[in-house]
Amino acid sequence: MRKTAVKTVGIIMILCLVLWYANHVLSIKDDDGVYSMKKFYELDKNTVDVLVVGSSHAYSSFNTGVLWREQGISSYVLSGSAQPLWNSYYCLREALKTQTPKLIVLEGYRVVEEEEFVDIGYAIKNTYGMKWSRNRLDAVWAGVPQEERLGFLLGYTQYHDRYKELSEEDFTFHKKAEKYRDWRGFEPGMITESVEEPDIGASTECEELTEKSEKYYRAILALARERNIPIMVVVAPFASMTEEDLMRFNTAQKIAQEYETPFLNYNVMREEMPINYATDMLDESHLNIRGSCKFTSGWGEYIAGRYHIPDHRGDLAYEGWERNAAYLDALLKDMELRETEDTGLIQEAILQNHYDVFVSVDGYCQPQEAAVSGILAALGISDAQGGGLWHFAGGDGIVWSSGNGEDSRYFETDRHDFGLKRVQLPDGGYDNEIVIDNQRYQTVENGINVVVFDRITGIVADSFGIDGDDGYQLCR
């Protein structure tokens, strides 16, 4: 009898472990909302001095690296796409269990919300990262229609059929990405879209917020007052703003004044925030990383002069913010490199100490051509007449080369693997391979191929060729 009981308990324990692992693998993995909350739980208590809540306008605008680099401010952006004010409220309540910031910032774009409930996908992003608590329960009750709440709370019903689309990432999510080591919730936009500057005038007319949005907007302001924590409302720059949006922001500003809360709408404060809509936007609604640097730098100076927020630079307890800033600095350099069309500037940019540069001279190539010779000379490559393959490690120079014959090199780090191979073909020519994380990189057949890997960000910062079939023009 006893053996049977022990066996039964063992089977139940194994079944529970299998179900737990299946739930882990099948669960929705998204840094947008879900992981920003999960990562927040990992922070040491009372280390966040500026806490930003809101929608994607928050995580694309408030650059945690710039705040640290310029002001020494430890900040975190706790946000998710299309996050309505009711989700911001419950996320804030959850955050204040472990953090007592010197300043709370509500990015105010979602005061324009007109719907009683947002799309279920957004509801998932803005609640599934929360631990089981009264706040998560209340967030679901506020954000999900009554007939869908039970299935939503169970979670598994929302993603049980994801087995059809599982990938390696579902088993290794966030384990290999440098981004998540010290992530602070800011999501950098890494491309540039030139958009038209909005022309909305300076109307002071008001339009009412929906009853639900106003209720939770006031609740956020009241919660900060109750906890005796300064709060401000900021509307970050975006190009798709309408006159109707402006009228609702005007209403939100009047409500903020009732709570003696600063309200900064940078869409009507153009002189204070000179965003270039041709270079600083990810799309019509969001800043890219370049725009976020401008925005956060100006706003950071504003808060530094008005709030008592300590400078933690040099404090070992805040090293995660230093590493996060270094990561974001490197990301900006990566984007600037990819957008550079001047080969002279590229020659300078690829010499960064945190870059590994892989170069192959392929097919028919004239190394003496100016565009080719300039890059080769910058990297210290002088023996390319017969072709070849090289690995240049910033700070160490050339660490390996194939020579004119066959050769190969394979190496790996804790998160990435690299393969370099030069083999002779039946016709007497040679084929060069540059493979990083199982992906081969080759832009041109005749000319040189250059792959730049950033050791800080863990990504291929740029991959381009100088094309001998097109007059040795830069080709991406």
# chains A, B, ... in the order shown; residues from 1 in each chain; ligands from 1
>>> select_by_dssp(residues="segment 167-255 of chain A", states="strand (DSSP E or B)", output="NGL selection string")
:A and (231-235)
>>> residues_around(residues="segment 324-341 of chain A", least_positions_apart="4", cutoff="9 Å", atoms="only C-alpha atoms", output="compact mmCIF listing (two decimals) with C-alpha atoms, in the first residue's frame")
# COMPACT_ATOMS: atom_id res chain seq x y z
CA ASN A 63 16.17 56.10 -23.21
CA THR A 64 17.42 54.61 -19.94
CA GLY A 65 21.02 54.70 -21.18
CA VAL A 66 20.96 58.44 -21.85
CA LEU A 67 19.45 59.17 -18.42
CA TRP A 68 22.24 57.17 -16.84
CA ARG A 69 25.07 58.45 -19.01
CA GLU A 178 22.97 40.31 -24.81
CA LYS A 179 20.03 42.71 -24.73
CA ARG A 181 21.44 40.90 -19.40
CA ASP A 182 20.76 44.34 -17.97
CA TRP A 183 17.62 45.41 -19.79
CA ARG A 184 15.80 48.37 -18.29
CA PRO A 188 15.27 51.15 -29.21
CA MET A 190 16.78 50.72 -35.05
CA ILE A 191 15.64 52.08 -38.40
CA THR A 192 14.81 55.54 -39.74
CA ILE A 289 17.02 55.46 -31.04
CA ARG A 290 18.53 58.68 -32.40
CA GLU A 319 26.49 48.51 -12.41
CA GLY A 320 23.54 47.09 -14.35
CA LEU A 345 33.45 57.20 -42.81
CA ILE A 346 32.89 53.45 -42.81
CA ALA A 349 33.61 53.41 -37.93
CA ILE A 350 34.57 49.73 -38.25
CA HIS A 354 34.12 46.19 -29.64
CA ASP A 454 29.34 43.88 -32.32
CA ILE A 456 28.58 44.33 -26.89
CA THR A 457 25.20 44.07 -28.60
CA VAL A 460 25.78 41.73 -36.83
CA ALA A 461 26.05 45.50 -36.85
CA ASP A 462 26.53 45.67 -40.62
CA SER A 463 27.10 43.45 -43.63
CA PHE A 464 28.09 45.01 -46.93
CA LEU A 474 29.06 50.11 -51.81
CA ARG A 476 24.14 46.38 -48.82
>>> closest_residue(among="A:Asp32, A:Asp49, A:Glu226, A:Glu187", to="Ala123 of chain A", atoms="only C-alpha atoms")
A:Asp32
>>> residues_around(residues="Ala139 of chain A", least_positions_apart="3", cutoff="9 Å", atoms="only C-alpha atoms", output="mmCIF file with all heavy atoms, in the first residue's frame")
data_model
loop_
_atom_site.group_PDB
_atom_site.id
_atom_site.type_symbol
_atom_site.label_atom_id
_atom_site.label_comp_id
_atom_site.auth_asym_id
_atom_site.auth_seq_id
_atom_site.Cartn_x
_atom_site.Cartn_y
_atom_site.Cartn_z
ATOM 1 N N TRP A 86 -5.860 51.670 -17.673
ATOM 2 C CA TRP A 86 -6.156 50.724 -16.597
ATOM 3 C C TRP A 86 -5.019 49.738 -16.396
ATOM 4 O O TRP A 86 -4.719 49.356 -15.265
ATOM 5 C CB TRP A 86 -7.474 49.998 -16.837
ATOM 6 C CG TRP A 86 -7.766 49.521 -18.221
ATOM 7 C CD1 TRP A 86 -7.520 48.297 -18.732
ATOM 8 C CD2 TRP A 86 -8.395 50.270 -19.274
ATOM 9 N NE1 TRP A 86 -7.948 48.212 -20.034
ATOM 10 C CE2 TRP A 86 -8.493 49.417 -20.394
ATOM 11 C CE3 TRP A 86 -8.896 51.586 -19.375
ATOM 12 C CZ2 TRP A 86 -9.052 49.830 -21.606
ATOM 13 C CZ3 TRP A 86 -9.449 51.987 -20.583
ATOM 14 C CH2 TRP A 86 -9.518 51.122 -21.678
ATOM 15 N N ASN A 87 -4.347 49.345 -17.473
ATOM 16 C CA ASN A 87 -3.186 48.477 -17.306
ATOM 17 C C ASN A 87 -1.998 49.233 -16.722
ATOM 18 O O ASN A 87 -1.246 48.683 -15.909
ATOM 19 C CB ASN A 87 -2.802 47.834 -18.635
ATOM 20 C CG ASN A 87 -3.726 46.695 -19.021
ATOM 21 O OD1 ASN A 87 -4.202 46.624 -20.146
ATOM 22 N ND2 ASN A 87 -4.015 45.788 -18.098
ATOM 23 N N TYR A 89 -2.213 51.590 -14.611
ATOM 24 C CA TYR A 89 -2.526 51.741 -13.189
ATOM 25 C C TYR A 89 -2.137 50.490 -12.411
ATOM 26 O O TYR A 89 -1.459 50.580 -11.375
ATOM 27 C CB TYR A 89 -4.014 52.038 -13.024
ATOM 28 C CG TYR A 89 -4.477 52.035 -11.580
ATOM 29 C CD1 TYR A 89 -4.100 53.047 -10.709
ATOM 30 C CD2 TYR A 89 -5.289 51.001 -11.095
ATOM 31 C CE1 TYR A 89 -4.508 53.037 -9.381
ATOM 32 C CE2 TYR A 89 -5.713 50.988 -9.765
ATOM 33 C CZ TYR A 89 -5.319 52.013 -8.926
ATOM 34 O OH TYR A 89 -5.723 52.006 -7.612
ATOM 35 N N TYR A 90 -2.537 49.322 -12.883
ATOM 36 C CA TYR A 90 -2.247 48.104 -12.131
ATOM 37 C C TYR A 90 -0.774 47.707 -12.226
ATOM 38 O O TYR A 90 -0.219 47.141 -11.270
ATOM 39 C CB TYR A 90 -3.169 46.970 -12.577
ATOM 40 C CG TYR A 90 -4.589 47.203 -12.126
ATOM 41 C CD1 TYR A 90 -5.606 47.478 -13.042
ATOM 42 C CD2 TYR A 90 -4.905 47.204 -10.766
ATOM 43 C CE1 TYR A 90 -6.914 47.729 -12.617
ATOM 44 C CE2 TYR A 90 -6.202 47.460 -10.330
ATOM 45 C CZ TYR A 90 -7.201 47.714 -11.266
ATOM 46 O OH TYR A 90 -8.481 47.978 -10.831
ATOM 47 N N CYS A 91 -0.128 48.018 -13.342
ATOM 48 C CA CYS A 91 1.326 47.811 -13.422
ATOM 49 C C CYS A 91 2.039 48.696 -12.401
ATOM 50 O O CYS A 91 2.999 48.262 -11.743
ATOM 51 C CB CYS A 91 1.837 48.120 -14.827
ATOM 52 S SG CYS A 91 1.509 46.817 -16.038
ATOM 53 N N ALA A 123 -4.023 42.987 -24.456
ATOM 54 C CA ALA A 123 -4.342 42.629 -23.071
ATOM 55 C C ALA A 123 -3.375 41.567 -22.561
ATOM 56 O O ALA A 123 -2.952 41.597 -21.393
ATOM 57 C CB ALA A 123 -5.782 42.136 -22.976
ATOM 58 N N ASN A 126 0.045 43.107 -21.746
ATOM 59 C CA ASN A 126 0.070 44.010 -20.602
ATOM 60 C C ASN A 126 -0.342 43.372 -19.282
ATOM 61 O O ASN A 126 -0.437 44.062 -18.271
ATOM 62 C CB ASN A 126 -0.813 45.224 -20.905
ATOM 63 C CG ASN A 126 -0.180 46.140 -21.930
ATOM 64 O OD1 ASN A 126 0.900 46.652 -21.721
ATOM 65 N ND2 ASN A 126 -0.845 46.332 -23.063
ATOM 66 N N THR A 127 -0.562 42.049 -19.284
ATOM 67 C CA THR A 127 -0.901 41.372 -18.030
ATOM 68 C C THR A 127 -0.130 40.081 -17.806
ATOM 69 O O THR A 127 0.098 39.691 -16.667
ATOM 70 C CB THR A 127 -2.410 41.029 -17.966
ATOM 71 O OG1 THR A 127 -2.753 40.205 -19.089
ATOM 72 C CG2 THR A 127 -3.264 42.282 -17.975
ATOM 73 N N ARG A 134 -3.441 40.169 -6.638
ATOM 74 C CA ARG A 134 -4.690 40.905 -6.782
ATOM 75 C C ARG A 134 -4.583 41.897 -7.934
ATOM 76 O O ARG A 134 -5.572 42.144 -8.657
ATOM 77 C CB ARG A 134 -5.019 41.631 -5.472
ATOM 78 C CG ARG A 134 -6.284 42.480 -5.509
ATOM 79 C CD ARG A 134 -7.517 41.644 -5.801
ATOM 80 N NE ARG A 134 -8.699 42.462 -5.978
ATOM 81 C CZ ARG A 134 -9.521 42.796 -4.968
ATOM 82 N NH1 ARG A 134 -9.261 42.379 -3.726
ATOM 83 N NH2 ARG A 134 -10.582 43.529 -5.197
ATOM 84 N N ASN A 135 -3.406 42.466 -8.129
ATOM 85 C CA ASN A 135 -3.234 43.432 -9.214
ATOM 86 C C ASN A 135 -3.431 42.778 -10.580
ATOM 87 O O ASN A 135 -4.050 43.362 -11.468
ATOM 88 C CB ASN A 135 -1.843 44.073 -9.135
ATOM 89 C CG ASN A 135 -1.728 45.044 -7.985
ATOM 90 O OD1 ASN A 135 -2.691 45.718 -7.621
ATOM 91 N ND2 ASN A 135 -0.544 45.108 -7.381
ATOM 92 N N ARG A 136 -2.893 41.561 -10.760
ATOM 93 C CA ARG A 136 -3.086 40.884 -12.043
ATOM 94 C C ARG A 136 -4.567 40.558 -12.243
ATOM 95 O O ARG A 136 -5.111 40.745 -13.342
ATOM 96 C CB ARG A 136 -2.253 39.612 -12.115
ATOM 97 C CG ARG A 136 -2.466 38.848 -13.421
ATOM 98 C CD ARG A 136 -1.480 37.726 -13.605
ATOM 99 N NE ARG A 136 -1.776 36.962 -14.820
ATOM 100 C CZ ARG A 136 -1.005 36.018 -15.327
ATOM 101 N NH1 ARG A 136 0.134 35.713 -14.734
ATOM 102 N NH2 ARG A 136 -1.356 35.376 -16.422
ATOM 103 N N ALA A 142 -10.435 44.488 -15.475
ATOM 104 C CA ALA A 142 -10.621 45.802 -16.096
ATOM 105 C C ALA A 142 -10.409 45.763 -17.600
ATOM 106 O O ALA A 142 -11.029 46.538 -18.338
ATOM 107 C CB ALA A 142 -9.656 46.818 -15.472
ATOM 108 N N GLY A 143 -9.550 44.844 -18.065
ATOM 109 C CA GLY A 143 -9.127 44.899 -19.461
ATOM 110 C C GLY A 143 -9.675 43.850 -20.392
ATOM 111 O O GLY A 143 -9.425 43.905 -21.597
ATOM 112 N N VAL A 144 -10.435 42.879 -19.866
ATOM 113 C CA VAL A 144 -10.922 41.780 -20.687
ATOM 114 C C VAL A 144 -12.441 41.668 -20.540
ATOM 115 O O VAL A 144 -12.952 41.713 -19.421
ATOM 116 C CB VAL A 144 -10.252 40.447 -20.270
ATOM 117 C CG1 VAL A 144 -10.784 39.294 -21.101
ATOM 118 C CG2 VAL A 144 -8.731 40.556 -20.405
#
>>> closest_residue(among="A:Asn46, A:Gln83, A:Gln347, A:Ser194", to="Ala317 of chain A", atoms="only C-alpha atoms")
A:Asn46
>>> atom_distance(atom1="atom CA of Leu209 of chain A", atom2="atom CA of Glu243 of chain A")
14.1 Å
>>> atom_distance(atom1="atom CA of Asn438 of chain A", atom2="atom CA of Glu412 of chain A")
11.7 Å
>>> residues_around(residues="segment 294-301 of chain A", least_positions_apart="6", cutoff="8 Å", atoms="only C-alpha atoms", output="MDAnalysis selection string")
chainID A and resid 61:63 66:67 70:71 236 272:273 275
>>> residues_around(residues="Gly185 of chain A", least_positions_apart="2", cutoff="6 Å", atoms="only C-alpha atoms", output="list in words")
Ser36, Tyr76, Val77 and Trp183 of chain A
>>> write_last_selection(atoms="all heavy atoms", output="PDB file, in the first residue's frame")
ATOM      1  N   SER A  36       9.110  42.888 -20.013  1.00  0.00           N
ATOM      2  CA  SER A  36       9.492  44.097 -19.281  1.00  0.00           C
ATOM      3  C   SER A  36       9.044  43.995 -17.828  1.00  0.00           C
ATOM      4  O   SER A  36       9.747  44.443 -16.916  1.00  0.00           O
ATOM      5  CB  SER A  36       8.905  45.355 -19.942  1.00  0.00           C
ATOM      6  OG  SER A  36       7.505  45.323 -19.940  1.00  0.00           O
ATOM      7  N   TYR A  76      13.643  52.956 -15.161  1.00  0.00           N
ATOM      8  CA  TYR A  76      13.092  51.740 -15.756  1.00  0.00           C
ATOM      9  C   TYR A  76      11.801  52.116 -16.467  1.00  0.00           C
ATOM     10  O   TYR A  76      11.015  52.929 -15.965  1.00  0.00           O
ATOM     11  CB  TYR A  76      12.786  50.673 -14.690  1.00  0.00           C
ATOM     12  CG  TYR A  76      12.592  49.297 -15.282  1.00  0.00           C
ATOM     13  CD1 TYR A  76      13.647  48.400 -15.360  1.00  0.00           C
ATOM     14  CD2 TYR A  76      11.354  48.888 -15.784  1.00  0.00           C
ATOM     15  CE1 TYR A  76      13.485  47.125 -15.918  1.00  0.00           C
ATOM     16  CE2 TYR A  76      11.179  47.623 -16.341  1.00  0.00           C
ATOM     17  CZ  TYR A  76      12.248  46.751 -16.414  1.00  0.00           C
ATOM     18  OH  TYR A  76      12.094  45.511 -16.970  1.00  0.00           O
ATOM     19  N   VAL A  77      11.603  51.519 -17.664  1.00  0.00           N
ATOM     20  CA  VAL A  77      10.393  51.772 -18.448  1.00  0.00           C
ATOM     21  C   VAL A  77       9.525  50.523 -18.383  1.00  0.00           C
ATOM     22  O   VAL A  77       9.849  49.491 -18.974  1.00  0.00           O
ATOM     23  CB  VAL A  77      10.724  52.128 -19.907  1.00  0.00           C
ATOM     24  CG1 VAL A  77       9.454  52.509 -20.653  1.00  0.00           C
ATOM     25  CG2 VAL A  77      11.738  53.274 -19.971  1.00  0.00           C
ATOM     26  N   TRP A 183      18.690  44.649 -19.146  1.00  0.00           N
ATOM     27  CA  TRP A 183      17.623  45.412 -19.795  1.00  0.00           C
ATOM     28  C   TRP A 183      16.851  46.243 -18.783  1.00  0.00           C
ATOM     29  O   TRP A 183      16.552  45.784 -17.681  1.00  0.00           O
ATOM     30  CB  TRP A 183      16.681  44.441 -20.513  1.00  0.00           C
ATOM     31  CG  TRP A 183      15.758  45.080 -21.489  1.00  0.00           C
ATOM     32  CD1 TRP A 183      16.063  46.046 -22.397  1.00  0.00           C
ATOM     33  CD2 TRP A 183      14.382  44.775 -21.680  1.00  0.00           C
ATOM     34  NE1 TRP A 183      14.961  46.347 -23.165  1.00  0.00           N
ATOM     35  CE2 TRP A 183      13.914  45.589 -22.725  1.00  0.00           C
ATOM     36  CE3 TRP A 183      13.506  43.880 -21.066  1.00  0.00           C
ATOM     37  CZ2 TRP A 183      12.598  45.547 -23.180  1.00  0.00           C
ATOM     38  CZ3 TRP A 183      12.204  43.829 -21.510  1.00  0.00           C
ATOM     39  CH2 TRP A 183      11.754  44.658 -22.556  1.00  0.00           C
TER      40      TRP A 183
END
>>> atom_distance(atom1="atom CA of Leu376 of chain A", atom2="atom CA of Gly458 of chain A")
24.0 Å
>>> residues_around(residues="Phe411 of chain A", least_positions_apart="4", cutoff="12 Å", atoms="only C-alpha atoms", output="PDB file with all heavy atoms, in the first residue's frame")
ATOM      1  N   HIS A 391      40.128  37.921 -40.240  1.00  0.00           N
ATOM      2  CA  HIS A 391      39.378  38.268 -39.021  1.00  0.00           C
ATOM      3  C   HIS A 391      40.152  39.364 -38.309  1.00  0.00           C
ATOM      4  O   HIS A 391      41.281  39.173 -37.854  1.00  0.00           O
ATOM      5  CB  HIS A 391      39.216  37.046 -38.113  1.00  0.00           C
ATOM      6  CG  HIS A 391      38.577  37.361 -36.796  1.00  0.00           C
ATOM      7  ND1 HIS A 391      38.614  36.490 -35.727  1.00  0.00           N
ATOM      8  CD2 HIS A 391      37.880  38.452 -36.353  1.00  0.00           C
ATOM      9  CE1 HIS A 391      37.973  37.014 -34.694  1.00  0.00           C
ATOM     10  NE2 HIS A 391      37.537  38.202 -35.046  1.00  0.00           N
ATOM     11  N   TRP A 400      43.591  36.489 -37.404  1.00  0.00           N
ATOM     12  CA  TRP A 400      43.641  35.279 -38.237  1.00  0.00           C
ATOM     13  C   TRP A 400      43.446  35.668 -39.693  1.00  0.00           C
ATOM     14  O   TRP A 400      42.703  36.599 -40.015  1.00  0.00           O
ATOM     15  CB  TRP A 400      42.537  34.289 -37.835  1.00  0.00           C
ATOM     16  CG  TRP A 400      42.489  33.048 -38.679  1.00  0.00           C
ATOM     17  CD1 TRP A 400      43.212  31.914 -38.479  1.00  0.00           C
ATOM     18  CD2 TRP A 400      41.702  32.830 -39.852  1.00  0.00           C
ATOM     19  NE1 TRP A 400      42.927  30.987 -39.453  1.00  0.00           N
ATOM     20  CE2 TRP A 400      41.987  31.521 -40.301  1.00  0.00           C
ATOM     21  CE3 TRP A 400      40.777  33.602 -40.553  1.00  0.00           C
ATOM     22  CZ2 TRP A 400      41.398  30.980 -41.438  1.00  0.00           C
ATOM     23  CZ3 TRP A 400      40.186  33.065 -41.679  1.00  0.00           C
ATOM     24  CH2 TRP A 400      40.494  31.763 -42.118  1.00  0.00           C
ATOM     25  N   ARG A 415      27.678  32.778 -26.225  1.00  0.00           N
ATOM     26  CA  ARG A 415      26.367  32.994 -26.828  1.00  0.00           C
ATOM     27  C   ARG A 415      26.364  32.866 -28.352  1.00  0.00           C
ATOM     28  O   ARG A 415      25.296  32.822 -28.953  1.00  0.00           O
ATOM     29  CB  ARG A 415      25.840  34.385 -26.460  1.00  0.00           C
ATOM     30  CG  ARG A 415      25.544  34.538 -24.970  1.00  0.00           C
ATOM     31  CD  ARG A 415      25.276  36.003 -24.601  1.00  0.00           C
ATOM     32  NE  ARG A 415      25.112  36.134 -23.170  1.00  0.00           N
ATOM     33  CZ  ARG A 415      23.955  36.345 -22.540  1.00  0.00           C
ATOM     34  NH1 ARG A 415      22.845  36.436 -23.251  1.00  0.00           N
ATOM     35  NH2 ARG A 415      23.889  36.457 -21.236  1.00  0.00           N
ATOM     36  N   HIS A 416      27.535  32.831 -28.993  1.00  0.00           N
ATOM     37  CA  HIS A 416      27.576  32.870 -30.450  1.00  0.00           C
ATOM     38  C   HIS A 416      28.655  31.934 -30.979  1.00  0.00           C
ATOM     39  O   HIS A 416      29.626  31.622 -30.280  1.00  0.00           O
ATOM     40  CB  HIS A 416      27.844  34.299 -30.946  1.00  0.00           C
ATOM     41  CG  HIS A 416      26.884  35.300 -30.403  1.00  0.00           C
ATOM     42  ND1 HIS A 416      25.624  35.467 -30.921  1.00  0.00           N
ATOM     43  CD2 HIS A 416      26.993  36.171 -29.362  1.00  0.00           C
ATOM     44  CE1 HIS A 416      24.992  36.404 -30.222  1.00  0.00           C
ATOM     45  NE2 HIS A 416      25.791  36.841 -29.277  1.00  0.00           N
ATOM     46  N   ASP A 417      28.479  31.514 -32.232  1.00  0.00           N
ATOM     47  CA  ASP A 417      29.513  30.705 -32.874  1.00  0.00           C
ATOM     48  C   ASP A 417      29.828  31.273 -34.249  1.00  0.00           C
ATOM     49  O   ASP A 417      28.968  31.844 -34.932  1.00  0.00           O
ATOM     50  CB  ASP A 417      29.083  29.242 -32.969  1.00  0.00           C
ATOM     51  CG  ASP A 417      27.736  29.053 -33.654  1.00  0.00           C
ATOM     52  OD1 ASP A 417      27.707  29.085 -34.892  1.00  0.00           O
ATOM     53  OD2 ASP A 417      26.723  28.881 -32.950  1.00  0.00           O
ATOM     54  N   PHE A 418      31.082  31.092 -34.651  1.00  0.00           N
ATOM     55  CA  PHE A 418      31.605  31.707 -35.870  1.00  0.00           C
ATOM     56  C   PHE A 418      32.357  30.653 -36.678  1.00  0.00           C
ATOM     57  O   PHE A 418      33.088  29.827 -36.113  1.00  0.00           O
ATOM     58  CB  PHE A 418      32.566  32.846 -35.527  1.00  0.00           C
ATOM     59  CG  PHE A 418      31.977  33.902 -34.629  1.00  0.00           C
ATOM     60  CD1 PHE A 418      31.917  33.724 -33.247  1.00  0.00           C
ATOM     61  CD2 PHE A 418      31.475  35.085 -35.162  1.00  0.00           C
ATOM     62  CE1 PHE A 418      31.371  34.691 -32.415  1.00  0.00           C
ATOM     63  CE2 PHE A 418      30.931  36.056 -34.340  1.00  0.00           C
ATOM     64  CZ  PHE A 418      30.877  35.857 -32.967  1.00  0.00           C
ATOM     65  N   GLY A 419      32.171  30.708 -37.974  1.00  0.00           N
ATOM     66  CA  GLY A 419      32.885  29.806 -38.859  1.00  0.00           C
ATOM     67  C   GLY A 419      33.447  30.549 -40.051  1.00  0.00           C
ATOM     68  O   GLY A 419      32.721  31.270 -40.745  1.00  0.00           O
ATOM     69  N   LEU A 420      34.749  30.380 -40.295  1.00  0.00           N
ATOM     70  CA  LEU A 420      35.426  30.994 -41.445  1.00  0.00           C
ATOM     71  C   LEU A 420      36.075  29.871 -42.242  1.00  0.00           C
ATOM     72  O   LEU A 420      36.789  29.035 -41.677  1.00  0.00           O
ATOM     73  CB  LEU A 420      36.489  31.991 -40.976  1.00  0.00           C
ATOM     74  CG  LEU A 420      36.031  33.066 -39.987  1.00  0.00           C
ATOM     75  CD1 LEU A 420      37.220  33.867 -39.478  1.00  0.00           C
ATOM     76  CD2 LEU A 420      35.010  33.995 -40.633  1.00  0.00           C
ATOM     77  N   LYS A 421      35.832  29.835 -43.543  1.00  0.00           N
ATOM     78  CA  LYS A 421      36.356  28.740 -44.347  1.00  0.00           C
ATOM     79  C   LYS A 421      36.692  29.245 -45.751  1.00  0.00           C
ATOM     80  O   LYS A 421      35.909  29.959 -46.373  1.00  0.00           O
ATOM     81  CB  LYS A 421      35.338  27.597 -44.448  1.00  0.00           C
ATOM     82  CG  LYS A 421      35.855  26.379 -45.197  1.00  0.00           C
ATOM     83  CD  LYS A 421      34.731  25.382 -45.480  1.00  0.00           C
ATOM     84  CE  LYS A 421      34.160  24.819 -44.199  1.00  0.00           C
ATOM     85  NZ  LYS A 421      33.147  23.746 -44.512  1.00  0.00           N
ATOM     86  N   VAL A 435      30.332  32.575 -41.649  1.00  0.00           N
ATOM     87  CA  VAL A 435      29.097  32.075 -41.042  1.00  0.00           C
ATOM     88  C   VAL A 435      29.066  32.480 -39.573  1.00  0.00           C
ATOM     89  O   VAL A 435      30.004  32.198 -38.818  1.00  0.00           O
ATOM     90  CB  VAL A 435      28.986  30.543 -41.162  1.00  0.00           C
ATOM     91  CG1 VAL A 435      27.710  30.049 -40.493  1.00  0.00           C
ATOM     92  CG2 VAL A 435      29.025  30.122 -42.632  1.00  0.00           C
ATOM     93  N   ILE A 436      27.984  33.146 -39.173  1.00  0.00           N
ATOM     94  CA  ILE A 436      27.797  33.548 -37.776  1.00  0.00           C
ATOM     95  C   ILE A 436      26.445  33.041 -37.317  1.00  0.00           C
ATOM     96  O   ILE A 436      25.420  33.321 -37.948  1.00  0.00           O
ATOM     97  CB  ILE A 436      27.873  35.080 -37.624  1.00  0.00           C
ATOM     98  CG1 ILE A 436      29.227  35.598 -38.117  1.00  0.00           C
ATOM     99  CG2 ILE A 436      27.643  35.488 -36.164  1.00  0.00           C
ATOM    100  CD1 ILE A 436      29.350  37.118 -38.101  1.00  0.00           C
ATOM    101  N   ASP A 437      26.456  32.265 -36.252  1.00  0.00           N
ATOM    102  CA  ASP A 437      25.221  31.690 -35.704  1.00  0.00           C
ATOM    103  C   ASP A 437      24.410  30.998 -36.799  1.00  0.00           C
ATOM    104  O   ASP A 437      23.201  31.229 -36.953  1.00  0.00           O
ATOM    105  CB  ASP A 437      24.391  32.772 -35.004  1.00  0.00           C
ATOM    106  CG  ASP A 437      25.078  33.309 -33.760  1.00  0.00           C
ATOM    107  OD1 ASP A 437      25.896  32.568 -33.181  1.00  0.00           O
ATOM    108  OD2 ASP A 437      24.803  34.455 -33.382  1.00  0.00           O
TER     109      ASP A 437
END
>>> select_by_dssp(residues="segment 193-310 of chain A", states="alpha helix (DSSP H)", output="PyMOL selection string")
chain A and resi 211-226+243-258+289-304
>>> residues_around(residues="Phe358 of chain A", least_positions_apart="5", cutoff="6 Å", atoms="only C-alpha atoms", output="MDAnalysis selection string")
chainID A and resid 390:391 450:451
>>> decode(residues="segment 377-397 of chain A", atoms="C-alpha atoms", output="PDB file, in the first residue's frame")
ATOM      1  CA  ALA A 377      44.336  49.517 -45.436  1.00  0.00           C
ATOM      2  CA  ALA A 378      42.247  50.686 -42.471  1.00  0.00           C
ATOM      3  CA  LEU A 379      42.175  47.096 -41.215  1.00  0.00           C
ATOM      4  CA  GLY A 380      45.878  46.512 -41.887  1.00  0.00           C
ATOM      5  CA  ILE A 381      45.318  44.054 -44.745  1.00  0.00           C
ATOM      6  CA  SER A 382      48.131  44.316 -47.304  1.00  0.00           C
ATOM      7  CA  ASP A 383      48.246  40.852 -48.886  1.00  0.00           C
ATOM      8  CA  ALA A 384      44.877  40.654 -50.666  1.00  0.00           C
ATOM      9  CA  GLN A 385      46.034  40.453 -54.284  1.00  0.00           C
ATOM     10  CA  GLY A 386      45.304  36.726 -54.505  1.00  0.00           C
ATOM     11  CA  GLY A 387      42.135  36.867 -52.451  1.00  0.00           C
ATOM     12  CA  GLY A 388      41.634  35.544 -48.964  1.00  0.00           C
ATOM     13  CA  LEU A 389      39.741  35.704 -45.714  1.00  0.00           C
ATOM     14  CA  TRP A 390      40.585  37.778 -42.600  1.00  0.00           C
ATOM     15  CA  HIS A 391      39.378  38.268 -39.021  1.00  0.00           C
ATOM     16  CA  PHE A 392      40.104  41.693 -37.542  1.00  0.00           C
ATOM     17  CA  ALA A 393      39.369  42.044 -33.811  1.00  0.00           C
ATOM     18  CA  GLY A 394      39.079  45.658 -32.705  1.00  0.00           C
ATOM     19  CA  GLY A 395      41.901  46.516 -30.325  1.00  0.00           C
ATOM     20  CA  ASP A 396      43.937  43.469 -31.377  1.00  0.00           C
ATOM     21  CA  GLY A 397      44.213  43.951 -35.132  1.00  0.00           C
TER      22      GLY A 397
END
